[in-house]
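model_37.cif (mmCIF, C-alpha atoms) appears below.
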```cif
data_final
#
loop_
_atom_site.label_atom_id
_atom_site.label_comp_id
_atom_site.auth_asym_id
_atom_site.auth_seq_id
_atom_site.Cartn_x
_atom_site.Cartn_y
_atom_site.Cartn_z
CA MET A 1 -0.04 3.55 -6.77
CA VAL A 2 -1.83 4.71 -9.81
CA SER A 3 -1.98 7.56 -12.22
CA LEU A 4 -4.40 10.12 -10.92
CA THR A 5 -5.40 11.53 -14.27
CA ARG A 6 -8.54 10.88 -16.21
CA PRO A 7 -7.99 10.27 -19.93
CA ALA A 8 -9.31 13.72 -20.86
CA GLU A 9 -7.47 15.54 -18.09
CA ARG A 10 -3.80 14.68 -18.52
CA PRO A 11 -1.63 17.60 -17.55
CA SER A 12 1.12 18.81 -19.82
CA VAL A 13 3.40 19.48 -16.87
CA SER A 14 6.46 17.23 -16.71
CA VAL A 15 7.54 15.56 -13.50
CA SER A 16 10.12 16.86 -11.10
CA LEU A 17 10.55 15.92 -7.48
CA VAL A 18 13.02 18.74 -7.02
CA VAL A 19 11.27 21.24 -4.80
CA ALA A 20 13.42 24.33 -4.86
CA GLY A 21 12.45 26.88 -7.44
CA ARG A 22 10.14 24.63 -9.44
CA SER A 23 6.73 25.74 -8.30
CA PRO A 24 4.91 25.27 -11.66
CA ARG A 25 5.96 21.63 -11.82
CA LEU A 26 5.44 21.13 -8.13
CA ARG A 27 1.82 22.23 -8.51
CA GLN A 28 0.93 18.98 -10.28
CA LEU A 29 2.66 16.67 -7.78
CA GLY A 30 -0.03 14.29 -6.53
CA PRO A 31 -0.27 11.92 -3.53
CA ASN A 32 0.10 8.98 -5.92
CA TRP A 33 3.88 9.36 -5.67
CA TYR A 34 3.82 7.80 -2.19
CA ALA A 35 2.95 4.54 -3.95
CA ALA A 36 6.49 4.35 -5.27
CA VAL A 37 7.74 4.45 -1.67
CA MET A 38 5.31 1.71 -0.61
CA GLY A 39 6.18 -0.47 -3.58
CA THR A 40 9.88 -0.20 -2.83
CA ALA A 41 9.72 -0.77 0.93
CA ILE A 42 7.61 -3.93 0.54
CA VAL A 43 10.38 -5.51 -1.53
CA ALA A 44 12.76 -5.23 1.44
CA SER A 45 10.24 -6.52 3.98
CA ALA A 46 9.11 -9.42 1.81
CA GLY A 47 12.64 -10.50 0.97
CA ALA A 48 13.72 -10.46 4.62
CA ALA A 49 10.96 -12.92 5.61
CA LEU A 50 11.48 -15.54 2.90
CA PRO A 51 11.63 -19.08 4.36
CA GLN A 52 14.66 -19.94 2.20
CA ARG A 53 18.08 -18.42 2.76
CA ILE A 54 19.44 -16.99 -0.48
CA PRO A 55 23.04 -15.68 -0.59
CA GLY A 56 23.16 -11.91 -0.88
CA LEU A 57 19.41 -11.46 -0.39
CA ARG A 58 19.71 -9.78 3.01
CA ALA A 59 22.23 -7.26 1.70
CA GLY A 60 20.06 -6.57 -1.33
CA CYS A 61 17.01 -5.99 0.86
CA THR A 62 19.01 -3.58 3.01
CA VAL A 63 19.91 -1.53 -0.07
CA VAL A 64 16.28 -1.46 -1.17
CA TRP A 65 15.19 -0.36 2.32
CA ALA A 66 17.72 2.51 2.22
CA LEU A 67 16.37 3.53 -1.18
CA SER A 68 12.80 3.54 0.14
CA ALA A 69 13.85 5.69 3.10
CA VAL A 70 15.46 8.25 0.79
CA MET A 71 12.40 8.20 -1.45
CA LEU A 72 10.13 8.81 1.54
CA ALA A 73 12.16 11.83 2.61
CA VAL A 74 12.10 13.29 -0.92
CA VAL A 75 8.39 12.76 -1.53
CA VAL A 76 7.35 14.00 1.92
CA THR A 77 9.42 17.16 1.38
CA ALA A 78 7.97 17.72 -2.07
CA ARG A 79 4.40 17.13 -0.93
CA ALA A 80 4.85 19.45 2.06
CA ALA A 81 6.06 22.16 -0.32
CA HIS A 82 3.06 21.43 -2.53
CA TRP A 83 0.69 22.10 0.38
CA LEU A 84 2.53 25.28 1.34
CA ARG A 85 2.72 26.75 -2.15
CA HIS A 86 -0.36 25.34 -3.85
CA ARG A 87 -3.07 24.91 -1.23
CA ASP A 88 -5.77 25.57 -3.81
CA GLN A 89 -4.60 22.61 -5.86
CA ALA A 90 -4.26 20.44 -2.75
CA ARG A 91 -7.85 21.28 -1.81
CA LEU A 92 -9.00 20.36 -5.31
CA HIS A 93 -7.28 17.01 -4.88
CA LEU A 94 -9.34 16.36 -1.76
CA LEU A 95 -12.56 17.37 -3.47
CA ASP A 96 -11.92 15.26 -6.55
CA PRO A 97 -13.40 11.75 -6.00
CA ALA A 98 -10.82 10.29 -8.39
CA VAL A 99 -7.90 11.71 -6.40
CA ALA A 100 -8.92 11.85 -2.73
CA PRO A 101 -8.51 8.09 -2.01
CA PHE A 102 -4.81 8.34 -2.85
CA TYR A 103 -4.18 10.28 0.32
CA GLY A 104 -4.20 6.82 1.89
CA CYS A 105 -0.82 6.23 0.27
CA LEU A 106 0.87 8.67 2.70
CA PRO A 107 0.29 6.68 5.91
CA MET A 108 1.01 3.43 4.10
CA ALA A 109 4.34 4.80 2.90
CA LEU A 110 5.27 5.77 6.48
CA LEU A 111 4.20 2.40 7.85
CA SER A 112 5.93 0.41 5.11
CA VAL A 113 9.26 2.14 5.55
CA GLY A 114 8.94 1.80 9.32
CA GLY A 115 8.33 -1.93 9.06
CA ALA A 116 11.25 -2.39 6.67
CA THR A 117 13.48 -0.39 9.03
CA LEU A 118 12.94 -2.88 11.83
CA ALA A 119 13.07 -5.88 9.49
CA VAL A 120 16.37 -5.09 7.72
CA GLY A 121 17.38 -1.52 8.57
CA ARG A 122 18.53 -2.63 12.02
CA ASP A 123 21.56 -4.21 10.32
CA VAL A 124 22.72 -0.67 9.56
CA LEU A 125 21.18 1.44 12.31
CA GLY A 126 21.35 -1.00 15.19
CA GLU A 127 18.31 -2.57 16.79
CA ARG A 128 17.61 0.20 19.31
CA THR A 129 17.64 2.98 16.70
CA ALA A 130 15.60 0.86 14.30
CA VAL A 131 12.96 0.30 16.98
CA VAL A 132 12.73 4.04 17.67
CA VAL A 133 12.45 4.89 13.95
CA ASP A 134 9.81 2.21 13.43
CA ALA A 135 7.86 3.36 16.50
CA VAL A 136 7.82 6.97 15.27
CA LEU A 137 6.77 6.02 11.74
CA PHE A 138 4.22 3.51 13.06
CA GLY A 139 2.64 6.02 15.42
CA THR A 140 2.59 8.79 12.83
CA GLY A 141 1.32 6.51 10.07
CA THR A 142 -1.42 5.06 12.27
CA VAL A 143 -2.74 8.45 13.34
CA ILE A 144 -2.66 9.81 9.79
CA GLY A 145 -4.23 6.59 8.53
CA LEU A 146 -7.16 6.95 10.92
CA VAL A 147 -7.63 10.60 9.94
CA VAL A 148 -7.48 9.73 6.23
CA THR A 149 -9.96 6.87 6.56
CA VAL A 150 -12.54 8.95 8.40
CA SER A 151 -12.00 12.14 6.41
CA ILE A 152 -12.02 10.66 2.92
CA LEU A 153 -15.01 8.43 3.64
CA TYR A 154 -16.81 11.53 4.95
CA LEU A 155 -15.98 13.43 1.75
CA MET A 156 -17.16 10.51 -0.35
CA LEU A 157 -20.48 10.50 1.51
CA VAL A 158 -21.26 14.21 1.62
CA ARG A 159 -19.19 16.02 -1.03
CA HIS A 160 -18.26 13.68 -3.87
CA ARG A 161 -20.84 12.94 -6.53
CA LEU A 162 -20.60 9.16 -6.97
CA GLY A 163 -22.62 6.57 -8.83
CA PRO A 164 -22.37 2.79 -9.34
CA ALA A 165 -20.30 3.30 -12.50
CA ASP A 166 -17.76 5.39 -10.55
CA ALA A 167 -16.72 2.56 -8.21
CA SER A 168 -12.96 2.16 -8.45
CA PRO A 169 -10.37 -0.19 -6.94
CA ALA A 170 -8.67 2.99 -5.72
CA TRP A 171 -11.41 3.36 -3.12
CA VAL A 172 -9.70 0.57 -1.17
CA LEU A 173 -6.76 2.91 -0.56
CA THR A 174 -9.00 4.90 1.76
CA VAL A 175 -9.53 2.07 4.24
CA ILE A 176 -6.42 -0.08 3.97
CA PRO A 177 -3.90 2.08 5.93
CA LEU A 178 -5.04 0.68 9.27
CA MET A 179 -4.69 -2.85 7.90
CA VAL A 180 -1.07 -2.02 7.08
CA ALA A 181 -0.69 -0.68 10.63
CA SER A 182 -2.08 -3.93 12.04
CA ALA A 183 0.56 -5.85 10.07
CA VAL A 184 3.47 -3.58 11.02
CA GLY A 185 2.59 -3.04 14.69
CA PRO A 186 3.19 -6.61 15.93
CA ALA A 187 6.95 -6.30 15.40
CA LEU A 188 7.00 -3.61 18.09
CA VAL A 189 5.12 -5.69 20.68
CA PRO A 190 8.18 -7.55 22.09
CA HIS A 191 10.00 -4.22 22.53
CA LEU A 192 7.36 -2.85 24.92
CA PRO A 193 7.29 -3.50 28.68
CA ALA A 194 5.61 -6.80 29.52
CA GLY A 195 2.00 -6.65 30.63
CA GLN A 196 -0.53 -3.97 29.80
CA ALA A 197 1.57 -2.20 27.14
CA ARG A 198 2.10 -5.31 25.06
CA GLU A 199 -1.48 -6.47 25.40
CA ALA A 200 -2.81 -3.04 24.47
CA LEU A 201 -0.76 -2.88 21.26
CA LEU A 202 -1.61 -6.48 20.35
CA PHE A 203 -5.36 -6.04 20.72
CA GLY A 204 -5.15 -2.53 19.27
CA CYS A 205 -3.73 -4.08 16.11
CA TYR A 206 -6.60 -6.57 16.05
CA ALA A 207 -9.03 -3.66 16.36
CA MET A 208 -7.41 -1.91 13.39
CA PHE A 209 -7.52 -5.19 11.49
CA GLY A 210 -11.26 -5.43 12.09
CA LEU A 211 -11.93 -1.80 11.24
CA SER A 212 -10.14 -2.06 7.91
CA LEU A 213 -11.48 -5.52 7.10
CA PHE A 214 -15.16 -4.69 7.47
CA ALA A 215 -14.74 -1.35 5.69
CA THR A 216 -13.07 -3.22 2.82
CA LEU A 217 -15.88 -5.76 2.69
CA THR A 218 -18.36 -2.94 2.12
CA LEU A 219 -16.36 -1.65 -0.85
CA LEU A 220 -15.41 -4.85 -2.68
CA PRO A 221 -18.97 -5.69 -3.87
CA LEU A 222 -19.27 -2.18 -5.31
CA ILE A 223 -15.97 -2.51 -7.15
CA PHE A 224 -16.70 -5.97 -8.55
CA GLY A 225 -20.23 -4.88 -9.45
CA ARG A 226 -18.86 -1.95 -11.44
CA LEU A 227 -16.49 -4.26 -13.39
CA MET A 228 -19.29 -6.73 -14.07
CA LEU A 229 -22.19 -4.42 -14.84
CA HIS A 230 -20.53 -1.32 -16.28
CA ASN A 231 -17.61 -0.59 -18.57
CA LEU A 232 -14.18 -1.90 -17.70
CA LEU A 233 -11.58 0.57 -16.48
CA PRO A 234 -9.77 2.71 -19.08
CA LEU A 235 -6.68 0.97 -20.44
CA ALA A 236 -4.25 3.23 -18.58
CA LEU A 237 -5.97 2.48 -15.26
CA THR A 238 -6.25 -1.30 -15.72
CA PRO A 239 -3.33 -2.00 -13.31
CA THR A 240 -5.43 -0.59 -10.47
CA VAL A 241 -7.38 -3.85 -10.31
CA PHE A 242 -4.33 -5.21 -8.48
CA ILE A 243 -5.07 -2.85 -5.57
CA VAL A 244 -7.76 -5.27 -4.38
CA LEU A 245 -4.99 -7.76 -3.58
CA GLY A 246 -3.69 -5.32 -0.96
CA PRO A 247 -6.27 -5.88 1.80
CA LEU A 248 -6.38 -9.61 1.04
CA GLY A 249 -2.65 -10.14 1.39
CA GLN A 250 -2.17 -7.58 4.14
CA SER A 251 -4.95 -8.96 6.33
CA THR A 252 -3.48 -12.46 6.08
CA THR A 253 -0.06 -11.02 6.89
CA ALA A 254 -1.50 -9.17 9.87
CA VAL A 255 -3.12 -12.17 11.54
CA GLY A 256 0.05 -14.18 10.98
CA GLN A 257 2.29 -11.51 12.50
CA LEU A 258 -0.05 -11.04 15.43
CA ALA A 259 -0.11 -14.77 16.11
CA ASP A 260 3.71 -14.82 16.04
CA VAL A 261 4.04 -12.27 18.85
CA ALA A 262 0.97 -13.29 20.87
CA PRO A 263 3.00 -15.54 23.24
CA THR A 264 5.00 -12.48 24.36
CA ALA A 265 1.87 -10.54 25.28
CA VAL A 266 -0.96 -12.88 26.37
CA ASP A 267 -1.35 -16.26 28.02
CA GLY A 268 -1.64 -19.64 26.34
CA SER A 269 -5.42 -19.69 26.16
CA TYR A 270 -5.23 -16.82 23.67
CA THR A 271 -2.11 -17.86 21.76
CA HIS A 272 -3.49 -21.20 20.58
CA ALA A 273 -6.70 -19.57 19.38
CA LEU A 274 -4.85 -16.76 17.60
CA ARG A 275 -2.51 -19.18 15.83
CA ALA A 276 -5.47 -21.23 14.68
CA PHE A 277 -7.23 -18.08 13.50
CA ALA A 278 -4.18 -17.08 11.44
CA VAL A 279 -4.49 -20.30 9.44
CA VAL A 280 -8.27 -20.64 9.35
CA TYR A 281 -8.60 -17.05 8.15
CA GLY A 282 -5.51 -16.87 5.97
CA VAL A 283 -5.93 -19.96 3.78
CA PRO A 284 -9.41 -19.10 2.38
CA VAL A 285 -8.51 -15.45 1.91
CA MET A 286 -5.36 -16.32 -0.01
CA GLY A 287 -7.42 -18.70 -2.12
CA PHE A 288 -9.57 -15.75 -3.19
CA ALA A 289 -6.42 -13.65 -3.63
CA LEU A 290 -5.07 -16.18 -6.13
CA LEU A 291 -8.35 -15.98 -8.04
CA TRP A 292 -8.16 -12.18 -8.12
CA LEU A 293 -4.48 -12.31 -9.12
CA ALA A 294 -5.33 -14.54 -12.09
CA LEU A 295 -8.27 -12.34 -13.11
CA SER A 296 -6.25 -9.14 -12.75
CA THR A 297 -3.38 -10.59 -14.77
CA ALA A 298 -5.77 -11.54 -17.56
CA LEU A 299 -7.20 -8.01 -17.62
CA VAL A 300 -3.72 -6.49 -17.75
CA VAL A 301 -2.64 -8.80 -20.59
CA ARG A 302 -5.77 -7.75 -22.48
CA ALA A 303 -4.95 -4.09 -21.86
CA LEU A 304 -1.33 -4.54 -22.99
CA ARG A 305 -2.49 -6.10 -26.23
CA ARG A 306 -4.69 -3.06 -26.78
CA GLY A 307 -1.85 -0.62 -26.22
CA MET A 308 -1.87 0.16 -22.49
CA PRO A 309 0.83 2.83 -21.97
CA PHE A 310 3.23 3.03 -19.05
CA SER A 311 2.06 5.33 -16.27
CA MET A 312 2.24 5.68 -12.51
CA ALA A 313 -0.64 3.21 -12.45
CA TRP A 314 1.94 0.46 -12.86
CA TRP A 315 3.02 0.95 -9.24
CA ALA A 316 -0.28 -0.77 -8.41
CA PHE A 317 1.45 -4.03 -9.26
CA THR A 318 4.13 -3.78 -6.57
CA PHE A 319 2.70 -3.30 -3.08
CA PRO A 320 -0.31 -5.63 -3.55
CA ILE A 321 1.90 -8.43 -4.88
CA GLY A 322 4.27 -7.78 -1.98
CA THR A 323 1.47 -8.30 0.53
CA CYS A 324 0.72 -11.65 -1.09
CA VAL A 325 4.39 -12.59 -0.60
CA THR A 326 4.33 -11.73 3.12
CA ALA A 327 0.95 -13.46 3.52
CA THR A 328 2.22 -16.67 1.96
CA GLU A 329 5.38 -16.49 4.08
CA GLY A 330 3.20 -16.28 7.19
CA LEU A 331 1.14 -19.30 6.16
CA ALA A 332 4.35 -21.22 5.52
CA ARG A 333 5.55 -20.44 9.06
CA HIS A 334 2.29 -21.43 10.74
CA THR A 335 1.58 -24.58 8.74
CA GLY A 336 5.11 -25.76 7.95
CA LEU A 337 3.88 -26.80 4.50
CA THR A 338 6.21 -26.53 1.53
CA VAL A 339 3.11 -25.90 -0.57
CA PHE A 340 3.27 -22.35 0.84
CA GLN A 341 7.06 -21.96 0.96
CA TRP A 342 7.81 -22.21 -2.74
CA PRO A 343 4.89 -20.05 -3.89
CA ALA A 344 6.25 -17.38 -1.54
CA VAL A 345 9.57 -17.53 -3.38
CA GLY A 346 7.86 -17.49 -6.76
CA LEU A 347 5.74 -14.47 -5.84
CA PHE A 348 8.82 -12.69 -4.51
CA VAL A 349 10.66 -13.24 -7.78
CA LEU A 350 7.62 -11.85 -9.61
CA LEU A 351 7.59 -8.86 -7.24
CA VAL A 352 11.25 -8.06 -7.87
CA LEU A 353 10.85 -8.33 -11.64
CA VAL A 354 7.77 -6.11 -11.68
CA TRP A 355 9.40 -3.60 -9.32
CA ALA A 356 12.48 -3.36 -11.55
CA VAL A 357 10.34 -2.81 -14.66
CA VAL A 358 8.22 -0.14 -12.97
CA TRP A 359 11.26 1.61 -11.51
CA ALA A 360 12.91 1.72 -14.93
CA GLY A 361 9.76 3.06 -16.54
CA THR A 362 9.35 5.69 -13.84
CA LEU A 363 12.92 6.94 -14.16
CA ARG A 364 12.59 7.04 -17.94
CA GLY A 365 9.36 9.01 -17.66
CA VAL A 366 10.79 11.44 -15.09
CA PHE A 367 13.91 12.30 -17.07
CA SER A 368 12.12 12.46 -20.42
CA GLY A 369 9.34 14.63 -19.02
CA ALA A 370 6.74 12.23 -20.43
CA LEU A 371 5.39 11.10 -17.08
CA PRO A 372 2.73 13.35 -15.55
CA ALA A 373 3.28 14.31 -11.95
CA GLY A 374 -0.25 13.95 -10.72
CA PRO A 375 -3.87 14.79 -11.31
CA GLY A 376 -5.27 17.61 -13.33
CA GLU A 377 -7.69 20.09 -11.95
CA ALA A 378 -10.77 18.64 -10.25
CA ARG A 379 -13.88 18.93 -12.37
CA PRO A 380 -16.55 21.11 -10.73
CA GLU A 381 -19.34 18.69 -11.63
CA ALA A 382 -17.61 15.93 -9.66
CA VAL A 383 -18.09 17.75 -6.38
CA ARG A 384 -21.27 18.26 -4.41
CA THR A 385 -21.94 21.76 -3.24
CA GLY A 386 -24.13 20.83 -0.30
#
```

Written as structure tokens, how would this file's structure read?
Amino acid sequence: MVSLTRPAERPSVSVSLVVAGRSPRLRQLGPNWYAAVMGTAIVASAGAALPQRIPGLRAGCTVVWALSAVMLAVVVTARAAHWLRHRDQARLHLLDPAVAPFYGCLPMALLSVGGATLAVGRDVLGERTAVVVDAVLFGTGTVIGLVVTVSILYLMLVRHRLGPADASPAWVLTVIPLMVASAVGPALVPHLPAGQAREALLFGCYAMFGLSLFATLTLLPLIFGRLMLHNLLPLALTPTVFIVLGPLGQSTTAVGQLADVAPTAVDGSYTHALRAFAVVYGVPVMGFALLWLALSTALVVRALRRGMPFSMAWWAFTFPIGTCVTATEGLARHTGLTVFQWPAVGLFVLLVLVWAVVWAGTLRGVFSGALPAGPGEARPEAVRTG
């Protein structure tokens, strides 16, 4: 979602996602590249759930889903080769506090493509195959997401040398994968046998929602405190402020999706309460999300005026905005208010425009060799030795 380089550590290695025979370039391939997969898949999912029917939109979303699936296969292959050929560099990534949180992008990429597969990919694969693909990606992404959350938080506590001025919006990437799982999982509930299986997945998604929510609430004050009391982020990293929108939009999406499928899993005494919770929780959270969107936009405009260059950090615009689209779509379904329907369309248009700009910039950077592949070497002083 963001560039993983510090201003003084930009590598001179040009990007290539071609694995075979390109080991020197492959060495610098960072986990931030999964953000491009996430940012593409969310376009398909968000477009498929719009309350208005727009001619050609479904077909367009299907094409974008197929693109995200191909991207996932390419990046997973390249990253697997990176771990096999450059384990020392991969270990440095984990020990670098500026890089480690981006391992959260892997499970989110799996979950996002899985959700888009069931949302629009079923038009191509058939519903049964789409369910199987989504179930595999959901299960894999959830397990990896749990491992990443626990492991990276552990490293942040015992190995990384962190201070108040080091707080970064990227820290949210460590804890948000399970929130993405809680938003993707509900679509699988109706495909499970009625009874215990459906109830277990439904309440399991609520448990993941709570885990990610409370972990996020512990990080947000640190992030906002850093922006208020210390220096602003470097110009190149300014887009990362949009990452904070991710848990806000995704949590609202999750409670809305869970409320939608609750009648297929639990009795009426639960369904009414869960539907009410989706609105009572979602409306205030999206109010804060709009505030953060306005603030983040102002910071980005300021950075652009001061010469902010294009980098992989620009992918931070896509997935977070996409979660706001799906969140607003959910509120429109549960309230029936047009005041939520048209903002959902407006945010989706913004998402598509931003995605197209970032995609064009990424391709230009890849083919010109100007775009760095990933982080530089971890600095020894950034890692605790005991």

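Once the PyMOL selection byres ((chain A and resi 189) around 9) is applied to the depicted file, the selected set reads A:Gly185, A:Pro186, A:Ala187, A:Leu188, A:Pro190, A:His191, A:Leu192, A:Pro193, A:Ala194, A:Ala197, A:Arg198, A:Glu199, A:Leu201, A:Leu202, A:Val261, A:Ala262, A:Thr264, A:Ala265.
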
Report as JSON the centre and the edge lengths, in Å to one decimal, of the axis-aligned box holding every listed atom of region 194-199 of chain A, padded by 4 Å on each side.
```
{"center_x": 2.1, "center_y": -4.5, "center_z": 27.8, "size_x": 15.1, "size_y": 12.6, "size_z": 13.6}
```

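The space separating CA of Ala49 (chain A) from CA of Ala327 (chain A) comes to 10.2 Å.
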
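Here CA of Ala294 (chain A) stands at a distance of 13.3 Å from CA of Pro320 (chain A).
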
Option closest in space to Leu118 (chain A), from A:Ser168, A:Ser45, A:Thr174, A:Gln341 [counting all atoms listed in the file]
A:Ser45

I'd like to know which of A:Ile144, A:Val180, A:Val37, A:Leu125 is closest to Thr62 (chain A), using only C-alpha atoms.
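Counting only C-alpha atoms, the residue closest to Thr62 (chain A) is A:Leu125.
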
Please tell me which residues are no farther than 12 Å from (-17.1, -2.3, -14.4) in the file, counting only C-alpha atoms, and write them as a ChimeraX atom specification.
/A:163-169,221-234,238,241,299

Give me the result of the PyMOL selection byres ((chain A and resi 137) around 10) on this file, residue by residue, as a PyMOL selection string.
chain A and resi 107-115+117+131-136+138-143

Select, from A:Leu211, A:Leu248, A:Ala344, A:Ile321, the residue with the minimum atom-to-atom distance to Ile42 (chain A), counting only C-alpha atoms.
A:Ile321

Distance of CA of Leu72 (chain A) from CA of Met312 (chain A), expressed in Å to one decimal place
16.4 Å

Can you spell out as JSON, numbers by chain the set of residues that the PyMOL selection byres ((chain A and resi 120) around 10) selects in the structure I just provided?
{"A": [44, 45, 47, 48, 49, 58, 59, 60, 61, 62, 63, 64, 65, 66, 115, 116, 117, 118, 119, 121, 122, 123, 124, 125, 126, 127, 130]}

Nearest to Phe317 (chain A), chosen from A:Val300, A:Leu173, A:Ala289, A:Leu84, with only C-alpha atoms counted in the distances:
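With only C-alpha atoms as the atom set, the closest residue is A:Val300.
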
Applying 12 Å and all atoms listed in the file, which residues near region 146-160 of chain A remain after dropping the ones on its own chain fewer than 4 positions away? List them as a ChimeraX atom specification.
/A:91-108,139-142,166-167,171-181,208,211-212,215-216,218-219,378-386

Show me, as an NGL selection string, the residues that have an atom within 12 Å of Ala356 (chain A) when counting all atoms listed in the file, minus same-chain residues fewer than 6 positions from it.
:A and (36 or 39-40 or 43 or 64 or 314-315 or 317-318 or 349-350 or 362-363)

Which residue is closest to Phe203 (chain A)? Choose from A:Leu295, A:Ile54, A:Val325, A:Val255 and count all atoms listed in the file.
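Answer, going by the shortest atom-to-atom distance: A:Val255.
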